[in-house]
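Q: To be precise about what I am sending: the file is called work18.txt and holds compact mmCIF, C-alpha atoms and all ligand atoms.
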# COMPACT_ATOMS: atom_id res chain seq x y z
CA MET A 26 30.78 126.37 -40.69
CA GLU A 27 33.07 128.02 -43.22
CA LEU A 28 31.58 130.97 -45.08
CA ASN A 29 33.65 131.90 -48.12
CA SER A 30 31.56 134.44 -49.95
CA ARG A 31 29.04 137.16 -49.32
CA GLN A 32 26.42 134.95 -50.93
CA ALA A 33 27.27 132.11 -48.52
CA CYS A 34 26.65 134.56 -45.66
CA LEU A 35 23.27 135.53 -47.11
CA ASP A 36 22.42 131.83 -47.41
CA ALA A 37 23.49 131.22 -43.81
CA ASP A 38 21.23 134.06 -42.69
CA ALA A 39 18.33 132.57 -44.64
CA ASP A 40 18.90 129.22 -42.88
CA ASP A 41 19.47 130.69 -39.42
CA PRO A 42 16.77 129.55 -36.97
CA LEU A 43 17.58 132.58 -34.78
CA ALA A 44 17.27 135.10 -37.63
CA GLY A 45 13.75 136.13 -36.62
CA LEU A 46 14.98 137.50 -33.28
CA ARG A 47 16.41 140.48 -35.12
CA THR A 48 12.93 141.81 -35.84
CA GLN A 49 12.57 142.55 -32.12
CA PHE A 50 14.93 145.51 -32.54
CA GLU A 51 14.80 149.01 -33.92
CA ILE A 52 17.79 148.91 -36.30
CA PRO A 53 18.81 152.09 -38.13
CA GLU A 54 18.82 151.55 -41.89
CA GLY A 55 22.20 150.47 -43.21
CA LEU A 56 23.91 150.39 -39.84
CA ILE A 57 26.19 147.52 -38.82
CA TYR A 58 26.26 147.66 -35.05
CA LEU A 59 29.18 145.83 -33.44
CA ASP A 60 28.87 147.58 -30.09
CA GLY A 61 26.00 145.76 -28.38
CA ASN A 62 28.58 144.78 -25.77
CA SER A 63 28.72 148.42 -24.73
CA LEU A 64 25.13 149.57 -25.29
CA GLY A 65 22.61 147.03 -26.54
CA MET A 66 20.25 147.99 -29.36
CA LEU A 67 16.79 149.38 -28.66
CA PRO A 68 14.10 146.68 -28.56
CA LYS A 69 10.97 147.79 -30.42
CA GLY A 70 8.75 147.03 -27.43
CA VAL A 71 10.50 149.49 -25.11
CA SER A 72 8.83 152.71 -26.27
CA ALA A 73 5.28 151.38 -25.87
CA ARG A 74 6.06 149.79 -22.51
CA VAL A 75 7.76 152.83 -21.06
CA ASP A 76 5.05 155.06 -22.51
CA ASP A 77 2.41 152.97 -20.72
CA VAL A 78 4.34 153.15 -17.46
CA ILE A 79 4.62 156.91 -17.84
CA ARG A 80 1.13 157.79 -19.03
CA ARG A 81 -1.05 155.23 -17.29
CA GLN A 82 0.84 153.91 -14.28
CA TRP A 83 2.52 157.15 -13.36
CA GLY A 84 0.25 159.72 -15.03
CA GLN A 85 -3.11 158.30 -14.06
CA ASP A 86 -2.59 155.84 -11.24
CA LEU A 87 0.21 157.78 -9.58
CA ILE A 88 1.22 156.47 -6.13
CA ARG A 89 -1.32 153.65 -6.38
CA SER A 90 0.92 151.95 -8.95
CA TRP A 91 3.35 150.81 -6.27
CA ASN A 92 0.62 148.28 -5.38
CA ARG A 93 -1.64 148.18 -8.42
CA ALA A 94 1.14 147.71 -10.99
CA GLY A 95 3.31 145.79 -8.53
CA TRP A 96 6.25 148.19 -8.94
CA MET A 97 7.88 146.94 -5.73
CA GLN A 98 8.16 143.45 -7.22
CA TRP A 99 9.87 144.52 -10.44
CA PRO A 100 13.44 144.26 -9.14
CA HIS A 101 12.66 140.64 -8.24
CA GLU A 102 10.66 139.79 -11.36
CA VAL A 103 13.27 141.14 -13.76
CA GLY A 104 15.95 139.57 -11.56
CA ASN A 105 14.29 136.18 -11.94
CA LYS A 106 14.23 136.56 -15.72
CA ILE A 107 17.95 137.39 -15.74
CA GLY A 108 18.48 134.42 -13.43
CA ARG A 109 17.26 132.12 -16.18
CA LEU A 110 20.09 133.35 -18.41
CA ILE A 111 22.86 132.77 -15.86
CA GLY A 112 21.91 129.51 -14.18
CA ALA A 113 20.47 131.04 -11.03
CA GLY A 114 17.54 129.58 -9.14
CA PRO A 115 14.35 131.53 -8.44
CA ASP A 116 14.64 134.43 -5.97
CA GLU A 117 18.41 134.52 -6.13
CA VAL A 118 18.81 137.58 -8.38
CA VAL A 119 17.72 141.14 -7.82
CA VAL A 120 18.00 144.18 -10.08
CA ALA A 121 19.34 147.36 -8.49
CA ASP A 122 21.73 150.25 -8.82
CA SER A 123 24.76 150.12 -11.11
CA THR A 124 27.34 147.38 -11.53
CA SER A 125 29.88 149.48 -9.63
CA ILE A 126 27.56 149.93 -6.66
CA ASN A 127 26.59 146.27 -6.68
CA LEU A 128 30.25 145.31 -6.69
CA TYR A 129 30.69 147.39 -3.57
CA LYS A 130 27.75 145.73 -1.84
CA VAL A 131 28.65 142.21 -2.83
CA LEU A 132 32.40 142.39 -2.37
CA SER A 133 31.87 143.91 1.04
CA ALA A 134 29.43 141.12 1.96
CA ALA A 135 31.89 138.50 0.75
CA LEU A 136 34.78 140.06 2.71
CA MET A 137 32.66 140.19 5.87
CA LEU A 138 31.81 136.51 5.52
CA ALA A 139 35.45 135.63 4.96
CA ARG A 140 36.50 137.74 7.93
CA GLN A 141 34.09 135.92 10.24
CA GLN A 142 35.10 132.48 9.10
CA ARG A 143 38.80 132.87 8.27
CA PRO A 144 40.10 136.12 9.78
CA HIS A 145 43.68 135.50 8.60
CA GLN A 146 42.64 135.97 4.96
CA ARG A 147 43.50 139.50 3.91
CA ILE A 148 43.70 139.40 0.12
CA ILE A 149 41.28 140.28 -2.65
CA LEU A 150 42.74 138.57 -5.69
CA SER A 151 41.99 139.94 -9.16
CA GLU A 152 43.65 140.71 -12.46
CA ARG A 153 45.37 143.90 -13.54
CA SER A 154 43.45 143.69 -16.82
CA ASN A 155 40.09 143.67 -15.02
CA PHE A 156 37.71 146.52 -15.79
CA PRO A 157 38.99 149.51 -13.78
CA THR A 158 35.78 150.11 -11.81
CA ASP A 159 36.05 146.61 -10.36
CA LEU A 160 39.59 147.31 -9.18
CA TYR A 161 38.72 150.78 -7.88
CA ILE A 162 35.87 149.37 -5.77
CA ALA A 163 38.16 146.64 -4.44
CA GLN A 164 40.82 149.23 -3.58
CA SER A 165 38.32 151.30 -1.62
CA LEU A 166 37.05 148.32 0.37
CA ALA A 167 40.54 146.99 0.97
CA GLN A 168 41.51 150.36 2.37
CA SER A 169 38.57 150.60 4.72
CA LEU A 170 38.92 147.00 5.94
CA GLY A 171 42.71 146.90 6.19
CA MET A 172 42.98 144.33 3.42
CA GLN A 173 44.99 144.18 0.23
CA VAL A 174 44.20 143.98 -3.48
CA GLN A 175 46.54 141.69 -5.35
CA CYS A 176 46.47 141.77 -9.15
CA ALA A 177 47.77 138.97 -11.33
CA ASP A 178 49.25 139.83 -14.73
CA THR A 179 48.72 136.46 -16.41
CA PRO A 180 46.41 133.45 -15.98
CA GLU A 181 49.39 131.44 -14.67
CA ALA A 182 50.17 134.14 -12.10
CA LEU A 183 46.53 134.09 -11.08
CA GLU A 184 46.60 130.38 -10.35
CA ALA A 185 49.90 130.71 -8.53
CA ALA A 186 48.56 133.54 -6.36
CA LEU A 187 45.53 131.58 -5.28
CA ASN A 188 46.48 130.49 -1.77
CA ASP A 189 44.93 130.31 1.69
CA GLN A 190 45.52 134.03 2.27
CA VAL A 191 42.94 134.92 -0.36
CA ALA A 192 39.57 135.95 1.03
CA VAL A 193 37.84 136.61 -2.30
CA LEU A 194 38.74 135.83 -5.88
CA MET A 195 37.10 138.66 -7.83
CA LEU A 196 37.14 138.28 -11.59
CA THR A 197 35.30 139.43 -14.66
CA HIS A 198 34.28 136.33 -16.58
CA VAL A 199 34.84 137.83 -20.05
CA ASN A 200 37.54 140.47 -20.26
CA TYR A 201 36.23 143.79 -21.61
CA ARG A 202 39.38 144.62 -23.55
CA THR A 203 40.48 141.27 -24.99
CA GLY A 204 37.34 139.14 -25.05
CA HIS A 205 39.20 136.41 -23.14
CA MET A 206 36.83 134.20 -21.15
CA HIS A 207 37.82 132.49 -17.92
CA ASN A 208 36.84 128.95 -17.04
CA LEU A 209 34.32 129.96 -14.39
CA PRO A 210 33.64 126.49 -12.95
CA ALA A 211 37.35 125.55 -12.78
CA LEU A 212 38.44 128.81 -11.14
CA THR A 213 35.53 128.68 -8.72
CA ALA A 214 36.57 125.16 -7.69
CA ALA A 215 40.22 126.21 -7.40
CA ALA A 216 39.24 129.14 -5.16
CA HIS A 217 37.11 126.91 -2.97
CA ARG A 218 39.99 124.45 -2.58
CA VAL A 219 42.06 127.15 -0.86
CA GLY A 220 39.11 128.43 1.16
CA ALA A 221 38.41 131.58 -0.87
CA LEU A 222 35.02 132.89 -1.97
CA THR A 223 34.35 133.87 -5.59
CA LEU A 224 32.81 137.03 -7.01
CA TRP A 225 32.12 136.98 -10.74
CA ASP A 226 31.40 140.07 -12.79
CA LEU A 227 29.16 138.95 -15.67
CA ALA A 228 29.03 142.34 -17.45
CA HIS A 229 30.17 140.77 -20.74
CA SER A 230 28.59 137.37 -20.10
CA ALA A 231 24.92 137.77 -19.20
CA GLY A 232 23.02 137.43 -22.47
CA ALA A 233 26.27 136.77 -24.36
CA VAL A 234 27.53 133.36 -23.27
CA PRO A 235 25.93 130.55 -21.27
CA VAL A 236 26.66 130.81 -17.57
CA ASP A 237 25.57 128.30 -14.95
CA LEU A 238 26.29 129.84 -11.57
CA ARG A 239 24.54 127.10 -9.61
CA ALA A 240 26.29 124.26 -11.44
CA ALA A 241 29.63 125.99 -10.85
CA ASN A 242 28.72 126.44 -7.19
CA ALA A 243 29.87 130.06 -7.38
CA ASP A 244 29.34 132.42 -4.43
CA PHE A 245 28.49 135.91 -5.69
CA ALA A 246 27.93 137.58 -9.05
CA VAL A 247 27.02 140.96 -10.47
CA GLY A 248 26.30 142.07 -14.01
CA CYS A 249 25.25 144.88 -16.26
CA GLY A 250 21.81 145.73 -17.68
CA TYR A 251 22.70 147.93 -20.65
CA LYS A 252 25.12 145.68 -22.54
CA TYR A 253 23.95 142.32 -23.90
CA LEU A 254 20.72 142.57 -21.88
CA ASN A 255 19.59 145.55 -24.00
CA GLY A 256 18.19 147.50 -21.04
CA GLY A 257 19.09 150.96 -22.37
CA PRO A 258 21.62 153.61 -21.33
CA GLY A 259 22.31 153.46 -17.60
CA ALA A 260 19.95 150.50 -17.10
CA PRO A 261 20.09 149.08 -13.58
CA ALA A 262 22.43 146.17 -12.90
CA PHE A 263 21.91 142.87 -11.10
CA VAL A 264 23.20 140.91 -8.10
CA TRP A 265 23.23 137.16 -7.57
CA VAL A 266 24.09 135.50 -4.27
CA HIS A 267 24.20 131.76 -3.75
CA PRO A 268 21.31 130.86 -1.40
CA ARG A 269 23.75 129.31 1.10
CA HIS A 270 25.14 132.81 1.67
CA ILE A 271 22.01 134.95 1.48
CA PRO A 272 20.98 134.59 5.15
CA HIS A 273 24.51 135.50 6.33
CA ALA A 274 25.41 138.11 3.74
CA GLN A 275 25.47 141.63 5.16
CA GLN A 276 25.74 144.40 2.65
CA PRO A 277 26.91 147.82 3.76
CA LEU A 278 24.33 150.00 1.95
CA SER A 279 21.57 149.18 4.40
CA GLY A 280 18.83 151.32 2.93
CA TRP A 281 15.18 151.04 3.74
CA ILE A 282 14.17 149.04 0.65
CA GLY A 283 16.51 146.26 1.76
CA HIS A 284 14.82 146.18 5.17
CA ALA A 285 12.63 143.21 6.13
CA GLN A 286 9.59 145.53 6.54
CA PRO A 287 10.25 148.93 4.91
CA PHE A 288 6.76 150.22 5.65
CA GLU A 289 6.99 149.58 9.36
CA PHE A 290 9.48 152.44 9.45
CA ASP A 291 11.37 150.71 12.22
CA PRO A 292 14.28 152.85 13.47
CA GLN A 293 16.40 149.69 13.63
CA TYR A 294 17.72 148.12 10.43
CA ARG A 295 16.83 144.47 9.94
CA ALA A 296 17.81 142.95 6.58
CA ALA A 297 15.17 141.29 4.41
CA ALA A 298 15.32 137.50 4.61
CA GLY A 299 16.00 136.93 0.92
CA ILE A 300 18.02 138.45 -1.92
CA GLY A 301 15.95 141.63 -1.40
CA ARG A 302 18.50 142.61 1.26
CA PHE A 303 20.74 143.64 -1.64
CA LEU A 304 18.33 146.42 -2.53
CA CYS A 305 19.09 149.81 -1.07
CA GLY A 306 16.72 152.60 -2.13
CA THR A 307 13.62 153.02 -4.28
CA PRO A 308 13.84 151.07 -7.56
CA ALA A 309 14.20 152.98 -10.85
CA ILE A 310 10.83 152.02 -12.31
CA LEU A 311 11.16 153.56 -15.79
CA SER A 312 14.54 151.92 -16.29
CA LEU A 313 13.27 148.61 -14.96
CA ALA A 314 10.43 148.66 -17.49
CA ALA A 315 12.93 149.08 -20.32
CA LEU A 316 15.27 146.41 -18.95
CA ASP A 317 12.38 143.97 -18.63
CA ILE A 318 11.76 144.22 -22.38
CA GLY A 319 15.49 144.00 -23.07
CA VAL A 320 15.80 140.73 -21.15
CA ASP A 321 12.72 139.40 -22.96
CA THR A 322 14.55 139.75 -26.28
CA LEU A 323 16.97 137.05 -25.07
CA LEU A 324 14.36 134.85 -23.42
CA ALA A 325 12.62 134.88 -26.82
CA ALA A 326 15.39 132.48 -27.92
CA GLN A 327 14.31 129.82 -25.38
CA PRO A 328 12.13 127.88 -27.86
CA MET A 329 15.10 127.75 -30.28
CA GLY A 330 17.61 126.50 -27.74
CA GLY A 331 18.16 129.59 -25.58
CA MET A 332 21.65 130.71 -24.59
CA ALA A 333 23.25 127.54 -25.99
CA ALA A 334 21.87 128.32 -29.45
CA LEU A 335 22.83 131.99 -29.15
CA ARG A 336 26.33 130.92 -28.13
CA GLU A 337 26.68 128.65 -31.13
CA LYS A 338 25.73 131.50 -33.44
CA SER A 339 27.99 133.93 -31.58
CA LEU A 340 30.97 131.62 -32.13
CA HIS A 341 30.12 131.34 -35.84
CA LEU A 342 29.99 135.15 -36.03
CA THR A 343 33.29 135.70 -34.23
CA ASP A 344 34.96 132.86 -36.18
CA LEU A 345 33.80 134.46 -39.42
CA PHE A 346 35.08 137.89 -38.37
CA MET A 347 38.48 136.50 -37.36
CA GLN A 348 38.75 134.45 -40.56
CA GLN A 349 37.88 137.40 -42.78
CA VAL A 350 40.24 139.79 -40.97
CA THR A 351 43.04 137.28 -41.48
CA ARG A 352 42.16 136.84 -45.15
CA ARG A 353 41.56 140.45 -46.09
CA CYS A 354 43.60 142.56 -43.69
CA ALA A 355 46.77 140.55 -43.04
CA GLU A 356 49.11 143.12 -44.57
CA PHE A 357 48.08 146.12 -42.44
CA GLY A 358 49.75 145.40 -39.12
CA LEU A 359 46.68 144.42 -37.12
CA ALA A 360 46.95 141.77 -34.42
CA CYS A 361 44.09 139.82 -32.91
CA ILE A 362 44.26 139.64 -29.10
CA THR A 363 41.09 137.56 -28.67
CA PRO A 364 41.71 133.85 -28.11
CA THR A 365 41.07 131.60 -31.12
CA SER A 366 40.02 128.81 -28.74
CA HIS A 367 36.26 128.76 -28.35
CA ALA A 368 36.50 127.81 -24.69
CA GLN A 369 38.43 131.02 -24.00
CA ARG A 370 36.45 133.45 -26.13
CA GLY A 371 33.49 135.61 -25.16
CA SER A 372 31.31 137.31 -27.75
CA GLN A 373 33.71 139.96 -28.98
CA VAL A 374 36.82 140.21 -31.13
CA CYS A 375 39.55 142.70 -30.34
CA LEU A 376 42.26 143.81 -32.72
CA THR A 377 45.22 146.00 -31.97
CA HIS A 378 47.13 148.43 -34.12
CA PRO A 379 50.22 150.27 -32.90
CA GLU A 380 49.21 153.79 -33.93
CA GLY A 381 45.91 153.84 -35.79
CA ALA A 382 43.38 152.01 -33.62
CA TYR A 383 41.34 155.05 -32.57
CA ALA A 384 41.28 156.61 -36.05
CA MET A 385 40.40 153.30 -37.71
CA VAL A 386 37.37 152.91 -35.45
CA GLN A 387 36.31 156.49 -36.25
CA ALA A 388 36.65 155.88 -40.00
CA LEU A 389 34.55 152.73 -39.67
CA ILE A 390 31.88 154.61 -37.72
CA GLU A 391 31.67 157.18 -40.51
CA ARG A 392 30.96 154.28 -42.86
CA GLY A 393 28.16 153.00 -40.62
CA VAL A 394 30.12 150.21 -38.92
CA ILE A 395 30.07 150.90 -35.19
CA GLY A 396 32.68 149.34 -32.97
CA ASP A 397 34.64 151.04 -30.24
CA PHE A 398 38.14 151.88 -29.16
CA ARG A 399 39.69 150.89 -25.88
CA ALA A 400 42.89 152.59 -24.79
CA PRO A 401 45.67 152.29 -25.61
CA ASN A 402 45.43 150.51 -28.97
CA VAL A 403 42.38 148.24 -29.20
CA LEU A 404 39.69 148.14 -31.89
CA ARG A 405 36.84 146.30 -30.17
CA PHE A 406 33.95 144.61 -31.95
CA GLY A 407 31.05 143.03 -30.08
CA PHE A 408 28.85 140.38 -31.68
CA THR A 409 25.28 140.12 -30.45
CA PRO A 410 23.84 136.93 -31.92
CA VAL A 411 20.31 138.06 -31.11
CA ASN A 412 20.38 140.72 -33.80
CA LEU A 413 23.43 140.36 -36.05
CA ARG A 414 23.55 138.63 -39.41
CA TYR A 415 26.42 136.79 -41.04
CA VAL A 416 26.31 139.26 -43.90
CA ASP A 417 26.85 142.12 -41.43
CA VAL A 418 30.11 140.49 -40.35
CA TRP A 419 31.20 140.01 -43.95
CA ASP A 420 30.41 143.62 -44.85
CA ALA A 421 32.08 144.97 -41.70
CA VAL A 422 35.38 143.38 -42.68
CA GLU A 423 35.06 144.72 -46.23
CA HIS A 424 34.68 148.20 -44.72
CA LEU A 425 37.70 147.61 -42.50
CA TYR A 426 39.68 146.52 -45.55
CA ALA A 427 38.61 149.66 -47.41
CA VAL A 428 39.60 151.91 -44.51
CA LEU A 429 43.04 150.29 -44.31
CA GLN A 430 43.68 149.92 -48.05
CA SER A 431 42.78 153.56 -48.81
CA LYS A 432 44.58 154.81 -45.67
CA GLN A 433 41.38 156.74 -45.06
CA TRP A 434 41.95 156.47 -41.31
CA GLN A 435 44.95 158.77 -41.56
CA GLN A 436 42.75 161.76 -42.37
CA ASP A 437 42.82 164.51 -39.75
CA ARG A 438 39.16 164.35 -38.78
CA PHE A 439 39.57 160.82 -37.41
CA GLN A 440 42.35 161.77 -35.00
CA GLN A 441 40.35 163.91 -32.52
CA ARG A 442 39.56 161.93 -29.35
CA ALA A 443 36.01 162.40 -28.11
CA GLN A 444 35.12 162.16 -24.42
CA VAL A 445 33.56 158.73 -24.77
CA THR A 446 35.51 156.33 -26.94
C1 LIG B 1 30.53 147.72 -18.21
C2 LIG B 1 31.20 147.21 -16.99
C3 LIG B 1 30.95 147.78 -15.76
C4 LIG B 1 30.06 149.00 -15.70
O1 LIG B 1 29.83 149.49 -14.45
P1 LIG B 1 28.80 150.69 -14.24
O2 LIG B 1 28.70 150.82 -12.80
O3 LIG B 1 27.53 150.31 -14.93
O4 LIG B 1 29.35 151.90 -14.92
C5 LIG B 1 31.55 147.24 -14.64
N1 LIG B 1 32.38 146.17 -14.75
C6 LIG B 1 32.64 145.61 -15.94
C7 LIG B 1 33.54 144.43 -16.02
C8 LIG B 1 32.08 146.12 -17.10
O5 LIG B 1 32.35 145.58 -18.28
Would you mind writing the file's structure down as structure tokens?
Ligand SMILES: *Cc1c(COP(=O)(O)O)cnc(C)c1O

A:
Amino acid sequence: MELNSRQACLDADADDPLAGLRTQFEIPEGLIYLDGNSLGMLPKGVSARVDDVIRRQWGQDLIRSWNRAGWMQWPHEVGNKIGRLIGAGPDEVVVADSTSINLYKVLSAALMLARQQRPHQRIILSERSNFPTDLYIAQSLAQSLGMQVQCADTPEALEAALNDQVAVLMLTHVNYRTGHMHNLPALTAAAHRVGALTLWDLAHSAGAVPVDLRAANADFAVGCGYKYLNGGPGAPAFVWVHPRHIPHAQQPLSGWIGHAQPFEFDPQYRAAAGIGRFLCGTPAILSLAALDIGVDTLLAAQPMGGMAALREKSLHLTDLFMQQVTRRCAEFGLACITPTSHAQRGSQVCLTHPEGAYAMVQALIERGVIGDFRAPNVLRFGFTPVNLRYVDVWDAVEHLYAVLQSKQWQQDRFQQRAQVT
């Protein structure tokens, strides 16, 4: 699909079988939102749902809602919905806590399994370009267990470092800063060949690209609720464990909600039989209600081809953005660090500029085109096929061109770094 004019983009939107999904969202007038990879847009159904949970379930029914509204089941029910987006089977996914905390639980469980089966393995292998929280959690666990975190600097170095000393290969499927996507099935198989377990962070994958954890025979995964899953700020995250590991997986945050029988108040911890053992404390019901609606916005694509159809549109959107940046902005010193190969690209496009990246993003935001900046020099644009139009992509690049051509980004007010970038 080659779109060569604004009118061609409008025509593509008119022909797009997924176009109707956009009406599920509250979209501020005139805004072009290219940051759904950082905080997904608000689904229209969230306010009414959360209001009902607050006024009726909490306000009127109070404590009875744990049974009457089935609150205790929500981490499992929403987990099962997410499971459909990532190739998990039923009762293999649970929603809880934050991605960082889930990484701690799952990486610890994976390291314990490795230690029992292959005690000589002492390495957690990852990438230096991984999202920092993933590395920080690994560093903490390595320290407490007397293990080591090894970080590869390139994909080749990663493959070379994968040997029989590696206990767990811990990677983020789609890189937050570059949009590079790993070959999840191939790396999982390579890890298994040397006797390592795999832990995949799907923060930039769930709801963005098709993932089939079962087909890849992966071991563990975590992911984020507030990015492509549209669960709202600080939405709870999810955990997936392959069913072959669930009965043996011990997670360190052995709270009462992960107990086999929380309401027996047994003084002795006994993990729940299923994926529920990855719960720790009381579920965040208001946030779960919002996340439930957020996940529904993606499941709404099932009749039109589901994640495969969303992926096809996402690639058209990112292709269009890359093509237009090349055409319109070639003279301004931008470089694209996102792979051109579809097989290696997630749902974002990242550009770099040696000195102006932060200010350029700020100037775009002032024009109603929201992307974000990632230190030290990245302009990051996320493309959420569930609610973006081709014409939005076209217009975004025209704004970028205007910011660069006019040197508007050099104005003083765009240079002040805010706390959150
Ligand atoms: C967004 C993101 C996280 C976020 O972790 P929180 O605990 O929700 O703050 C973790 N890992 C990756 C790879 C991410 O992209």

Q: Can you tell me how far CA of Ser30 (chain A) sits from CA of Lys338 (chain A), in Å to one decimal?

A: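 According to the coordinates, CA of Ser30 (chain A) and CA of Lys338 (chain A) are separated by 17.8 Å.
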
Q: Could you work out how far CA of Asp226 (chain A) lies from CA of Phe156 (chain A), giving the answer in Å with one decimal?

A: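 We find that CA of Phe156 (chain A) and CA of Asp226 (chain A) lie 9.5 Å from each other.
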
Q: Under the rule of at most 10 Å, produce a per-residue listing of region 50-71 of chain A near region 307-326 of chain A: chain, number, name, the closest pair of atoms, and the distance in Å, as a tab-separated table, using all atoms listed in the file.

A:
residue	atom	partner	partner_atom	distance
A:Phe50	CA	A:Thr322	CA	8.5
A:Gly65	CA	A:Gly319	CA	8.5
A:Met66	CA	A:Gly319	CA	8.8
A:Leu67	CA	A:Gly319	CA	7.9
A:Pro68	CA	A:Gly319	CA	6.3
A:Lys69	CA	A:Ile318	CA	8.8
A:Gly70	CA	A:Ile318	CA	6.5
A:Val71	CA	A:Ala315	CA	5.4

Q: Just the selected residues (C-alpha atoms), exported as an mmCIF file, in the coordinates of the input, please.

A:
data_model
loop_
_atom_site.group_PDB
_atom_site.id
_atom_site.type_symbol
_atom_site.label_atom_id
_atom_site.label_comp_id
_atom_site.auth_asym_id
_atom_site.auth_seq_id
_atom_site.Cartn_x
_atom_site.Cartn_y
_atom_site.Cartn_z
ATOM 1 C CA PHE A 50 14.930 145.510 -32.540
ATOM 2 C CA GLY A 65 22.610 147.030 -26.540
ATOM 3 C CA MET A 66 20.250 147.990 -29.360
ATOM 4 C CA LEU A 67 16.790 149.380 -28.660
ATOM 5 C CA PRO A 68 14.100 146.680 -28.560
ATOM 6 C CA LYS A 69 10.970 147.790 -30.420
ATOM 7 C CA GLY A 70 8.750 147.030 -27.430
ATOM 8 C CA VAL A 71 10.500 149.490 -25.110
#

Q: Please give me, as a PDB file with C-alpha atoms, keeping the file's coordinate frame, the residues lying within 7 Å of ligand LIG 1 (chain B) when counting only C-alpha atoms and all ligand atoms.

A:
ATOM      1  CA  SER A  63      28.720 148.420 -24.730  1.00  0.00           C
ATOM      2  CA  SER A 123      24.760 150.120 -11.110  1.00  0.00           C
ATOM      3  CA  THR A 124      27.340 147.380 -11.530  1.00  0.00           C
ATOM      4  CA  SER A 125      29.880 149.480  -9.630  1.00  0.00           C
ATOM      5  CA  ILE A 126      27.560 149.930  -6.660  1.00  0.00           C
ATOM      6  CA  ASN A 155      40.090 143.670 -15.020  1.00  0.00           C
ATOM      7  CA  PHE A 156      37.710 146.520 -15.790  1.00  0.00           C
ATOM      8  CA  THR A 158      35.780 150.110 -11.810  1.00  0.00           C
ATOM      9  CA  ASP A 159      36.050 146.610 -10.360  1.00  0.00           C
ATOM     10  CA  THR A 197      35.300 139.430 -14.660  1.00  0.00           C
ATOM     11  CA  TYR A 201      36.230 143.790 -21.610  1.00  0.00           C
ATOM     12  CA  ASP A 226      31.400 140.070 -12.790  1.00  0.00           C
ATOM     13  CA  ALA A 228      29.030 142.340 -17.450  1.00  0.00           C
ATOM     14  CA  HIS A 229      30.170 140.770 -20.740  1.00  0.00           C
ATOM     15  CA  CYS A 249      25.250 144.880 -16.260  1.00  0.00           C
ATOM     16  CA  GLY A 259      22.310 153.460 -17.600  1.00  0.00           C
ATOM     17  CA  ALA A 262      22.430 146.170 -12.900  1.00  0.00           C
TER      18      ALA A 262
END

Q: Within 9 Å of Thr179 (chain A), counting all atoms listed in the file, which residues qualify if same-chain residues fewer than 5 places away don't, as a list in words?

A: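 The filter keeps Glu152, Arg153, Ser154 and Glu184 of chain A.
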
Q: How would you write as a ChimeraX atom specification the residues that get within 12 Å of (24.8, 142.6, -24.5) in the file's frame, counting only C-alpha atoms?

A: /A:58-67,199,201,227-234,248-258,260,316,319-320,322-323,335,339,371-373,406-413

Q: Please, can region 148-155 of chain A be completed to N, CA, C and O atoms and returned as a PDB file, in the frame of the given file?

A:
ATOM      1  N   ILE A 148      43.448 139.023   1.522  1.00  0.00           N
ATOM      2  CA  ILE A 148      43.700 139.400   0.120  1.00  0.00           C
ATOM      3  C   ILE A 148      42.449 139.295  -0.743  1.00  0.00           C
ATOM      4  O   ILE A 148      41.708 138.322  -0.665  1.00  0.00           O
ATOM      5  N   ILE A 149      42.248 140.346  -1.550  1.00  0.00           N
ATOM      6  CA  ILE A 149      41.280 140.280  -2.650  1.00  0.00           C
ATOM      7  C   ILE A 149      42.120 140.042  -3.895  1.00  0.00           C
ATOM      8  O   ILE A 149      42.953 140.870  -4.258  1.00  0.00           O
ATOM      9  N   LEU A 150      41.928 138.894  -4.523  1.00  0.00           N
ATOM     10  CA  LEU A 150      42.740 138.570  -5.690  1.00  0.00           C
ATOM     11  C   LEU A 150      41.956 138.874  -6.971  1.00  0.00           C
ATOM     12  O   LEU A 150      40.814 138.450  -7.128  1.00  0.00           O
ATOM     13  N   SER A 151      42.615 139.626  -7.882  1.00  0.00           N
ATOM     14  CA  SER A 151      41.990 139.940  -9.160  1.00  0.00           C
ATOM     15  C   SER A 151      43.055 139.981 -10.244  1.00  0.00           C
ATOM     16  O   SER A 151      44.148 139.442 -10.054  1.00  0.00           O
ATOM     17  N   GLU A 152      42.712 140.601 -11.344  1.00  0.00           N
ATOM     18  CA  GLU A 152      43.650 140.710 -12.460  1.00  0.00           C
ATOM     19  C   GLU A 152      43.877 142.176 -12.792  1.00  0.00           C
ATOM     20  O   GLU A 152      42.924 142.962 -12.772  1.00  0.00           O
ATOM     21  N   ARG A 153      45.082 142.506 -13.174  1.00  0.00           N
ATOM     22  CA  ARG A 153      45.370 143.900 -13.540  1.00  0.00           C
ATOM     23  C   ARG A 153      44.547 144.318 -14.759  1.00  0.00           C
ATOM     24  O   ARG A 153      44.232 145.486 -14.926  1.00  0.00           O
ATOM     25  N   SER A 154      44.206 143.367 -15.599  1.00  0.00           N
ATOM     26  CA  SER A 154      43.450 143.690 -16.820  1.00  0.00           C
ATOM     27  C   SER A 154      41.939 143.728 -16.572  1.00  0.00           C
ATOM     28  O   SER A 154      41.172 143.893 -17.510  1.00  0.00           O
ATOM     29  N   ASN A 155      41.519 143.573 -15.323  1.00  0.00           N
ATOM     30  CA  ASN A 155      40.090 143.670 -15.020  1.00  0.00           C
ATOM     31  C   ASN A 155      39.592 145.079 -15.365  1.00  0.00           C
ATOM     32  O   ASN A 155      40.374 146.034 -15.440  1.00  0.00           O
TER      33      ASN A 155
END
